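K.L.:
Mind looking over this structure? Questions follow.
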Amino acid sequence: MTQGARNTPGRRSVLGAAVLGPAAAALPTAAFAAERGRGGHGPSKPALPVPTIVGHRGASGYRPEHTLGSYQHALDLGAHVIEQDLVPTKDGHLVCRHENDITATTDVADHPEFADRKATKSIDGVSLTGWFTEDFTLAELKTLRAVERIPGVRQHNTLYAGRWTIPTFEEVLRWADEQGRRLGRTVWLYTETKHPTYFRGLGLGLEEPFAKLLRTYRRDRADSAIFLQSFEPSSMRRMAKLVDSPRVVLLDAASTRPWDFKVAGDPRTVADLVKPEGLKWIASFAQGIGPTLDLVIPKDAAGRLGTPTTLVRDAHAQGLVLHPYTLRNENAFLPADFRRGTDPNAYGDAFGAFRAYFEQGIDGIFTDNPDTGLLARQDFVSR
């Protein structure tokens with residue numbers, strides 16, 4: 001089938017109408033409007049509010065990332081959508097880790113039986129030494145426990161070290177369905193293919209098993225409660241041929257090139273992709289973009305917010321939703337304008353930062369702190 005010829009909803013139909021009360025911003029209802037008895041994710045399917053609050057790796061500001069505990073906490077806090085990242089095991093299962101390097105996110109270093117699995121690899125041109133999911137079977141990975149990735153910043157998260165195992169994506173799909181039935185509404189997911197070109201080179205292609213699970217759990221349609229995402233456009237083009245689920249192209253810093261572009265010899269950079277012609281190309285196979293926040297409002301040399309770009313306007317002109325990443329509460333991660341005090345790990349004025357980005361007209365935002373994002377959103381739409 002010709003690329004982009006599948007049933008691909010546009011920006012407005014992906015988001016549908018806001019449903020969080022009279023103060024919520026609204027968009028016209030279409031494919032993602034409230035439905036009943038469809039999709040197998042609970043009795044009703046509400047549309048997404050705008051701006052949408054995406055729980056980044058769950059509620060990773062409060063629980064070790066990409067654990068069922070983090071996902072559940074994000075849901076309990078009220079996140080509209082909950083994110084997963086997918087990497088494969090040696091025996092082809094898809095598991096939820098931000099990276100295939102699990103050195104910092106599990107207790108693998110404490111397992112002497114896996115000492116000989118430590119290796120140095122080049123992942124998308126970066127040399128890394130550690131332990132990698134593709135060198136373990138699922139059964140072996142399940143003997144490990146998740147830990148906090150940045151314990152120096154989030155010391156309170158270390159309380160939960162060892163509490164949860166690495167979840168498979170199928171376990172997350174089952175969890176989402178169970179929670180949907182419990183809550184009487186759908187649970188939205190936002191799922192990324194990590195390093196797809198690298199893994200395809202190992203014979204562990206992500207897209208086919210990903211699509212198979214989406215079909216099994218009935219999240220493969222244009223109106224399914226899931227966004228697919230990748231930093232490699234070719235991965236989303238491949239997914240467009242396999243399922244109709246909405247797709248998002250992630251965009252790193254303007255000077256960077258997607259890894260699949262480097263492998264294919266495509267000279268375009270992210271700076272090219274955020275131009276109108278680049279966005280038009282993305283819109284031919286995807287419904288949205290996930291840019292780094294600096295592509296929306298660049299920072300100056302002092303780390304303060306500068307003049308906003310035209311990216312939001314240009315993306316919307318091509319019918320694309322725009323969900324930038326990632327806003328966190330800690331000073332170290334905030335623009336200098338919103339830092340408070342000298343402790344980089346203390347909370348700054350995250351509410352002010354959310355407001356600055358919401359004012360640009362973005363359709364949603366990834367955050368490690370969904371409760372903060374939801375309060376900031378409430379302030380914004382209630383003005």
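In the structure tokens, chains take the letters A, B, ... in the order shown, each chain's residues start at 1, and ligands count up from 1 in the order shown.
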Going by DSSP on the backbone, which bits of stretch 66-310 of chain A are alpha helix (DSSP H)? Write them as an MDAnalysis selection string, please.

P.N.:
chainID A and resid 68:77 138:141 169:183 196:201 207:216 233:242 259:264 270:273 276:283

K.L.:
Could you pull the residues within 7 Å of A:Gly205, counting only C-alpha atoms, minus those fewer than 4 positions along the same chain, as a count of residues only?

P.N.:
3

K.L.:
Which residues are near A:Val126? Cut-off 12 Å, only C-alpha atoms, ignore same chain within fewer than 4 positions. Put them as a list in words.

P.N.:
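The residues that qualify are Asp101, Thr120, Lys121, Ser122, His195, Tyr198 and Trp259 of chain A.
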
K.L.:
Write the residues you've just listed into a file as a PDB file, in the first residue's frame, and include C-alpha atoms for each of them.

P.N.:
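Generated output (again12.pdb):
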ATOM      1  CA  ASP A 101      21.418  -0.471  28.765  1.00  0.00           C
ATOM      2  CA  THR A 120      30.905  -2.570  25.541  1.00  0.00           C
ATOM      3  CA  LYS A 121      28.704  -1.749  22.580  1.00  0.00           C
ATOM      4  CA  SER A 122      28.126   1.031  20.095  1.00  0.00           C
ATOM      5  CA  HIS A 195      16.867   2.256  18.644  1.00  0.00           C
ATOM      6  CA  TYR A 198      20.127  -0.949  15.770  1.00  0.00           C
ATOM      7  CA  TRP A 259      20.081   7.627  13.451  1.00  0.00           C
TER       8      TRP A 259
END

K.L.:
Find the residues near stretch 105-115 of chain A: any atom within 12 Å, counting only C-alpha atoms, skip ones fewer than 2 places away on the same chain, and give them as a ChimeraX atom specification.

P.N.:
/A:60,63-67,96-103,117-119,130-133,135-137,140-151,157-158,160-166

K.L.:
Taking 2 positions as the minimum chain separation for residues in the same chain, which residues sit within 12 Å of A:Thr216 when counting only C-alpha atoms? Answer as a ChimeraX atom specification.

P.N.:
/A:39-40,170,173-174,209-214,218-221,243

K.L.:
Since we have the selection now, will you write its residues out, keeping N, CA, C and O atoms, as a short mmCIF file (atom, residue, chain, number, x, y, z; two decimals), in the first residue's frame?

P.N.:
data_model
loop_
_atom_site.label_atom_id
_atom_site.label_comp_id
_atom_site.auth_asym_id
_atom_site.auth_seq_id
_atom_site.Cartn_x
_atom_site.Cartn_y
_atom_site.Cartn_z
N GLY A 39 -13.00 -1.14 21.37
CA GLY A 39 -11.59 -1.13 21.69
C GLY A 39 -11.17 -2.03 22.82
O GLY A 39 -9.99 -2.27 23.02
N GLY A 40 -12.12 -2.57 23.60
CA GLY A 40 -11.77 -3.52 24.64
C GLY A 40 -11.00 -2.92 25.80
O GLY A 40 -10.32 -3.63 26.52
N GLU A 170 3.36 -6.49 26.96
CA GLU A 170 2.09 -7.21 27.04
C GLU A 170 1.50 -7.10 28.45
O GLU A 170 0.28 -6.95 28.61
N LEU A 173 -0.15 -3.75 28.58
CA LEU A 173 -1.43 -3.75 27.88
C LEU A 173 -2.51 -4.41 28.73
O LEU A 173 -3.65 -3.91 28.79
N ARG A 174 -2.18 -5.50 29.37
CA ARG A 174 -3.16 -6.16 30.25
C ARG A 174 -3.51 -5.28 31.43
O ARG A 174 -4.67 -5.16 31.82
N PRO A 209 6.70 -7.34 16.15
CA PRO A 209 6.09 -7.81 17.40
C PRO A 209 5.25 -6.73 18.09
O PRO A 209 4.24 -7.05 18.74
N PHE A 210 5.64 -5.48 17.94
CA PHE A 210 4.85 -4.37 18.48
C PHE A 210 3.47 -4.35 17.82
O PHE A 210 2.43 -4.31 18.51
N ALA A 211 3.44 -4.42 16.50
CA ALA A 211 2.17 -4.41 15.78
C ALA A 211 1.31 -5.63 16.13
O ALA A 211 0.08 -5.52 16.26
N LYS A 212 1.96 -6.77 16.30
CA LYS A 212 1.21 -7.99 16.65
C LYS A 212 0.50 -7.81 17.99
O LYS A 212 -0.68 -8.18 18.14
N LEU A 213 1.19 -7.24 18.97
CA LEU A 213 0.56 -7.00 20.27
C LEU A 213 -0.56 -5.97 20.16
O LEU A 213 -1.60 -6.12 20.81
N LEU A 214 -0.35 -4.93 19.36
CA LEU A 214 -1.41 -3.94 19.18
C LEU A 214 -2.65 -4.57 18.58
O LEU A 214 -3.79 -4.26 18.99
N ARG A 218 -6.22 -5.00 20.44
CA ARG A 218 -7.15 -4.10 19.75
C ARG A 218 -6.81 -2.62 19.97
O ARG A 218 -7.66 -1.79 20.21
N ARG A 219 -5.53 -2.32 19.81
CA ARG A 219 -5.07 -0.93 19.82
C ARG A 219 -4.40 -0.61 18.48
O ARG A 219 -3.47 0.19 18.44
N ASP A 220 -4.88 -1.22 17.43
CA ASP A 220 -4.27 -1.09 16.11
C ASP A 220 -5.07 -0.22 15.16
O ASP A 220 -4.73 -0.13 13.98
N ARG A 221 -6.08 0.48 15.65
CA ARG A 221 -6.96 1.25 14.77
C ARG A 221 -6.65 2.74 14.85
O ARG A 221 -5.97 3.20 15.76
N VAL A 243 -0.14 -1.10 11.15
CA VAL A 243 -1.33 -0.77 11.94
C VAL A 243 -1.77 0.65 11.62
O VAL A 243 -1.02 1.42 11.01
#

K.L.:
Excluding A:Arg355 and any residue of its chain fewer than 2 positions from it, enumerate the residues within 9 Å of it, using only C-alpha atoms, and give them as number ranges by chain.

P.N.:
A: 350-353, 357-360, 376-377, 379-380

K.L.:
Considering only C-alpha atoms, can you say which of A:Val81, A:Met239, A:Leu311, A:Leu86 comes closest to A:Lys194?

P.N.:
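Smallest separation from A:Lys194 among the options: A:Leu86.
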
K.L.:
Determine, counting only C-alpha atoms, which protein, DNA and RNA residues have an atom within 12 Å of an atom of A:Ser234; residues of the same chain fewer than 6 positions away are not included. Present the result as a list in words.

P.N.:
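Once the adjacent positions are removed, what remains is Gln3, Thr193, His195, Pro196, Thr197, Arg200, Leu206, Glu207, Ala240, Lys241, Arg247, Val248, Val249, Leu250, Pro258, Trp259, Asp260, Phe261, Lys262, Val263, Ala264, Asp266, Trp281, Ile282, Phe285 and Ala286 of chain A.
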
K.L.:
Taking the DSSP secondary structure from the backbone, can you list the residues of stretch 76-194 of chain A that are strand (DSSP E), as a PyMOL selection string?

P.N.:
chain A and resi 81-88+94-96+119-123+126-130+188-193

K.L.:
Distance atom CA of A:Pro51-atom CA of A:Ala302, one decimal place?

P.N.:
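For atom CA of A:Pro51 relative to atom CA of A:Ala302, the distance reads 28.3 Å.
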
K.L.:
Atom CA of A:Thr186 and atom CA of A:Ala225, how far apart in Å?

P.N.:
7.1 Å

K.L.:
In Å, with one decimal, what is the gap from atom CA of A:Asp244 to atom CA of A:Val187?

P.N.:
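Between these atoms lies a distance of 18.2 Å.
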
K.L.:
Just checking: using only C-alpha atoms, which residue out of A:His323, A:Arg257, A:Arg185, A:Arg238 ends up closest to A:Gly125?

P.N.:
A:Arg257

K.L.:
Which residue gives the smallest distance to A:Val172 among A:Val321, A:Leu77, A:Val381, A:Leu68, with only C-alpha atoms counted?

P.N.:
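Answer, going by the shortest atom-to-atom distance: A:Leu68.
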
K.L.:
For A:Leu279, which residue among A:Gly69, A:Gly319, A:Pro335, A:Gly348 is the nearest when counting only C-alpha atoms?

P.N.:
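With only C-alpha atoms as the atom set, the closest residue is A:Gly319.
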